[in-house]
Every structure is written in C-alpha cells, then in structure tokens.
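Okay, so here's the structure we're looking at.
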Number of protein chains: 2
Amino acid sequence: MAYVHGYAARESERLNDQAGALVELLHHDTVYPAGSRVLEAGCGVGAQTITLAANSPDAQFTSIELSPDSLAVAQERVTAPNVTFEQADLFTYEAEPFDHVFVCFVLEHLRDPYAALRRLRGLLKPGGTITVIEGDHGSTYFHPESAAADDAIDCLVKLQSGDAKIGRRLYPLLVEAGFPDTRVSPRMVYVDASKPDLVDGFTLKTFTAMIEGVREAALTAGLIDADRFDQGISDLAATETFSYTFFKAVATRG
Amino acid sequence: MAYVHGYAARESERLNDQAGALVELLHHDTVYPAGSRVLEAGCGVGAQTITLAANSPDAQFTSIELSPDSLAVAQERVTAPNVTFEQADLFTYEAEPFDHVFVCFVLEHLRDPYAALRRLRGLLKPGGTITVIEGDHGSTYFHPESAAADDAIDCLVKLQSGDAKIGRRLYPLLVEAGFPDTRVSPRMVYVDASKPDLVDGFTLKTFTAMIEGVREAALTAGLIDADRFDQGISDLAATETFSYTFFKAVATRG
C-alpha cells in the first residue's frame with residue numbers, strides 16, 4: 001500500500017472537511033509576496049491548494065502530484081488563476097529554482113523524508129523559504145482513555161508506509177537536510193463539548209474517519225480483530241475531550 | 001506518600017524554575033480587578049503566588065496551604081503586600097465567599113478532585129470565576145522515542161496519589177462540579193535545540209528533574225529497576241524535541 005489513506009471519493013471528502021476545519025489554525029500565517037513563484041510539492045486532491053492560492057492571490061503556484069487520480073480531482077476543484085498543476089514525482093521533478101516551497105501532509109507518507117527535503121532544497125533559491133506541515137499520530141490523547149482506541153490508532157501507525165509520528169521529528173530532519181535556522185511551531189487541536197463544530201469536524205469526520213479508513217487493511221493484515229477495532233472507533237467517537245497536534249516548520253535556504 | 005513531589009529544598013527550587021520558565025505561558029491572561037478578593041487554594045511554596053500578586057497588584061489574595069513547611073517557604077519568598085497566607089485544608093476551610101478562586105497544580109494530587117471543586121464552588125460568590133491550571137503527564141512525547149523514558153514517566157503516574165493525567169479531564173470535571181460555562185485552553189510547551197533556555201529550564205530542570213524526583217520511591221515500590229530508570233532519565237535528557245501540555249480552565253459560578 002503506497003498511500004495508506006487511499007484515493008477514494010469518501011477520502012477526498014474527508015481531506016476536504018479536514019482542510020475546512022483546520023485552515024485557520026494551519027495556514028493563517030502562510031502568505032507569499034506578490035510575484036513570487038511557489039512550488040507546492042504533493043498537492044494531493046488540492047485541499048491545501050485552494051487556501052494557498054486564496055491567501056496569496058498575487059503569487060504563482062506550481063502544484064505537483066504523483067497520482068493522476070488525485071491530480072484530476074485537484075484540477076476539478078481548484079479554479080484559481082494563479083495555480084498550475086503538473087503530474088510529477090518530487091524525487092525526479094526538475095524546474096527553475098523556486099522562491100518558496102510548500103509541503104503539507106506529504107513527508108509523513110514517504111519512506112525517506114530526508115531525501116525528499118534534500119531534493120526540495122535543490123529546487124529552492126538561496127534565501128527562499130520552505131514550509132512543512134505534518135501531523136503526529138502519537139500526539140493523540142483523549143478522555144476517557146481507551147486501550148481499544150489506542151490499538152485502532154496503532155493500526156494506522158503500522159500501516160502507514162512513512163512515519164505517522166513525523167511531526168515531532170521535523171526540527172532535526174530539516175536541520176540535517178541543510179536548513180539550520182528551522183523554526184517549528186506546534187498547532188494543537190483541543191476539542192470538548194463546548195466546541196460542537198470541532199467535535200463533528202475534527203474528532204469525528206477527520207480523525208476518527210481517518211482511523212476507520214484503515215479497517216479493512218488492518219483486518220487483512222491481521223493487526224487486530226474486528227470487534228476490537230470497532231470498539232476502538234466507537235470509543236473515539238464517544239470521547240469527551242480529544243487532543244491532536246500538527247507541527248509547522250518554516251526555514252530559509254541559506 | 002501524600003504528595004509525591006515531596007517538600008525538600010531541591011523540590012522547592014524545581015517548582016521555582018518551572019514557574020519562572022512558564023509564567024508567561026500559563027499566567028499572562030490571569031488578571032483580577034482592583035479591590036477583588038481572590039482565594040488561592042493550595043499555594044504550596046508560593047511559586048504561583050508571586051506572579052498572581054504582581055499581575056493584579058490591586059486585588060487581595062488569600063493563599064491557603066495544608067503543609068506548614070511549604071507555607072513557611074512561601075511566606076519567606078512572597079513579600080507582596082496584597083497577599084495573606086493561612087494554613088488550612090481546602091476541604092474544611094471556611095471564609096466569606098470570594099470574588100474569584102485560583103487553583104494551580106493542586107487537583108492532580110487529590111484523590112477526589114470533584115469534591116475539591118464542589119468545596120471551592122461553595123467558597124465563590126455567584127458570578128465569580130474559578131481558574132484551574134493542571135498538567136497532564138500523558139501529554140508527554142519526544143524524539144527520539146524511548147521505552148525506558150516512557151517507563152520512568154509511568155512510575156510518576158503510578159506513584160502520584162491523584163491523577164497525573166487530569167489535564168485532559170478538566171472540562172468534564174468542572175462541568176459536573178457545577179460550572180457549565182467552562183472554557184479550557186491547552187498551553188503546550190514544545191522544545192527543540194533552537195530554544196536552549198527551554199531545553200534547560202523545562203525539559204531538564206522541570207520535567208526530567210520531576211521524574212528523577214521519584215527514583216527512590218519507584219525503586220522501593222519495585223516499579224522499575226535502577227538501570228532501566230536511569231536509562232530513561234538519560235534518554236529524556238538527550239531528547240532532540242520534547243512536548244508537554246498544561247491545561248487551563250476558566251469558569252463562572254452561575
């Protein structure tokens with residue numbers, strides 16, 4: 001399984017919900033100057049592209065994606081005039097160096113995120129910035145605690161081809177890849193009943209739906225039995241408080 | 001062991017360091033109006049009292065503490081004219097209702113935090129606020145991961161007489177105790193090498209020192225062997241990134 005979340009229609013809706021609920025938290029401080037050329041590496045179904053293009057209407061985005069199916073969805077959704085889509089693998093992509101590079105929810109799926117960052121560094125002009133946003137499934141905790149829910153989450157951690165806990169590693173990864181001035185800021189999502197929109201939009205439709213998405217793969221791989229998995233999902237959906245943290249790193253190519 | 005952190009001199013220094021590094025993060029938004037009477041329940045060695053009194057110089061604080069030894073340290077340290085100390089147990093303390101109540105790092109050590117909140121509610125005027133700040137040791141994660149460090153942390157969780165993961169429970173606890181408008185905001189501390197002051201002041205001198213403080217108790221209780229514990233401490237001290245989250249709740253007595 002190259003990409004554990006898959007490319008199905010339901011999945012594309014999930015990523016859309018996630019982007020909707022989290023746009024402000026993750027993206028409010030990403031704004032590129034007029035005239036700058038920005039590479040979005042691994043745009044997927046365009047969930048972040050819409051926000052990027054809207055926040056920086058006078059910057060020019062080149063959004064590349066390996067999967068033709070995802071790219072087709074992105075091209076359908078994103079009508080902003082300042083975005084050009086291209087089907088390409090970031091490990092072989094060649095272009096004139098960009099002013100800035102943006103990567104979101106990509107490194108966590110790669111077997112060699114260090115190599116990806118080295119490649120992206122080569123696509124960046126000196127003085128340009130790289131912005132990296134990734135999750136960290138090990139940052140998840142909730143009340144009431146549930147061992148079944150922990151086991152269900154662990155299925156995703158094991159099935160994901162990259163590192164599902166990469167958020168906490170962004171700082172050393174970027175420094176080693178040649179970005180010594182890296183600054184990381186965590187973006188924690190905390191949910192309780194006083195925030196019904198987040199209970200629905202994040203705990204249920206983003207996080208729990210993402211875990212639910214690996215049910216078949218986890219059962220097929222023999223990682224868990226069906227009752228235990230379903231108990232975990234039901235416990236997650238019933239949590240009274242829920243915490244998850246994304247990590248955002250910004251660094252300059254010196 | 002009634003209070004797992006103990007009352008030794010080194011401990012008082014640790015709490016002092018912690019308060020110093022975290023003052024802004026935890027307390028910047030706690031300011032009481034001139035003339036208001038505020039109860040600080042469980043002031044310990046006065047680590048928070050100094051900040052409270054300085055941030056609200058025209059409010060009057062009554063800071064109560066069960067331990068005479070801690071209270072003596074607090075009285076020595078805190079010379080602000082707007083603080084009155086009193087040796088008292090919050091479960092039996094009687095006074096005219098206060099305008100506001102402040103509780104920090106106290107509920108996590110109690111066997112019945114719900115009962116404590118009910119008591120404190122009774123000491124609060126209608127329309128007054130309660131502010132609660134607590135940690136959550138289950139919110140700790142770091143890179144590189146270390147099973148030995150997890151085991152050492154787990155010793156503190158098991159030895160603490162209250163609930164070392166109470167942070168995530170503040171919302172339901174307060175709502176059940178009669179504060180339906182509770183608002184909880186997490187205060188995450190994220191540390192990497194770009195913040196050497198926090199590596200020293202938080203990862204080493206606050207968190208790792210706190211875990212190290214239960215070494216003897218953990219060995220005596222047979223929870224872990226010495227080599228494993230010491231490996232855990234050394235792994236914690238060597239972490240490249242470190243995350244911990246405090247939770248702050250504010251609610252009004254209706």
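Ligands are numbered from 1 in the order shown, chains are lettered A, B, ... in the order of the structure tokens, and residues start at 1 in each chain.
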
Exercise for review: Would you mind listing what lies within 10 Å of B:Thr239 as a ChimeraX atom specification, with only C-alpha atoms counted and same-chain residues fewer than 2 positions away left out?
Suggested key: /B:141-146,191-193,199,203-204,234-237,241-242

**Study point:** chain A contacts to chain B at 10 Å (only C-alpha atoms) as a ChimeraX atom specification
**Key:** /A:138-145,165-172,180-195,240-245

Check your understanding: Leaving out A:Gln75 and any residue of its chain fewer than 5 positions from it, which residues lie within 10 Å of it when counting only C-alpha atoms, given as a PyMOL selection string?
Key -> chain A and resi 45-46+70+80+83-86

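Restricting the calculation to only C-alpha atoms, the smallest distance between B:Val38 and any of B:Val103, B:Leu174, B:Ala116, B:Leu90 is found for B:Val103.
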
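Within 9 Å of B:Ala41, once only C-alpha atoms are used and residues closer than 4 positions along the same chain are dropped, the contacting residues are Thr62, Ser63, Ile64, Glu65, Asp89, Leu90, Val101, Phe102, Val103, Cys104, Val106 and Leu120 of chain B.
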
Restricting it to N, CA and C atoms, dump the selection as a short mmCIF file (atom, residue, chain, number, x, y, z; two decimals), in the first residue's frame.
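Done, and the output landed in result.cif:
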data_model
loop_
_atom_site.label_atom_id
_atom_site.label_comp_id
_atom_site.auth_asym_id
_atom_site.auth_seq_id
_atom_site.Cartn_x
_atom_site.Cartn_y
_atom_site.Cartn_z
N THR B 62 -5.87 35.70 49.34
CA THR B 62 -5.74 34.83 50.50
C THR B 62 -5.22 33.50 49.97
N SER B 63 -3.99 33.17 50.35
CA SER B 63 -3.35 31.96 49.83
C SER B 63 -3.29 30.92 50.94
N ILE B 64 -4.01 29.81 50.74
CA ILE B 64 -4.03 28.78 51.78
C ILE B 64 -3.21 27.58 51.35
N GLU B 65 -2.65 26.87 52.34
CA GLU B 65 -1.80 25.72 52.07
C GLU B 65 -1.87 24.78 53.27
N ASP B 89 -6.78 23.50 55.22
CA ASP B 89 -7.13 22.41 54.29
C ASP B 89 -8.33 22.89 53.47
N LEU B 90 -8.21 22.82 52.15
CA LEU B 90 -9.31 23.36 51.34
C LEU B 90 -10.61 22.60 51.55
N VAL B 101 -11.57 32.41 42.53
CA VAL B 101 -10.77 31.33 43.10
C VAL B 101 -9.73 30.91 42.07
N PHE B 102 -8.52 30.63 42.53
CA PHE B 102 -7.42 30.22 41.66
C PHE B 102 -6.79 28.94 42.23
N VAL B 103 -6.63 27.93 41.37
CA VAL B 103 -6.07 26.64 41.79
C VAL B 103 -5.07 26.20 40.73
N CYS B 104 -3.84 25.92 41.14
CA CYS B 104 -2.80 25.57 40.16
C CYS B 104 -1.96 24.41 40.66
N VAL B 106 -2.82 21.56 41.87
CA VAL B 106 -3.35 21.04 43.13
C VAL B 106 -4.26 19.83 42.89
N LEU B 120 -14.79 24.34 46.54
CA LEU B 120 -14.35 25.65 46.06
C LEU B 120 -15.53 26.44 45.48
#

Practice item. Please report, as a VMD selection string, each residue of stretch 42-189 of chain A to which DSSP assigns strand (DSSP E or B) when run on this structure's backbone. Key: chain A and resid 60 to 65 83 to 87 98 to 104 124 to 134 141 to 143 183 to 189

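One finds atom CA of B:Lys158 at 16.7 Å from atom CA of B:Ile233.
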
**Study point:** Given only C-alpha atoms as the counted atoms, nearest of A:Phe98, A:Phe229, A:Phe91, A:Phe105 to A:Cys155
**Key:** A:Phe229

Exercise for review: Would you mind telling me which residue in B:Ala251, B:Cys43, B:Ile133, B:Leu156 lies nearest to B:Glu216 when using only C-alpha atoms?
Suggested key: B:Leu156

**Study point:** Long-range neighbours of B:Phe202 as an NGL selection string, 9 Å cut-off, only C-alpha atoms, 2 positions minimum in chain
**Key:** :B and (17-18 or 21-22 or 189 or 191 or 197-200 or 204-208)
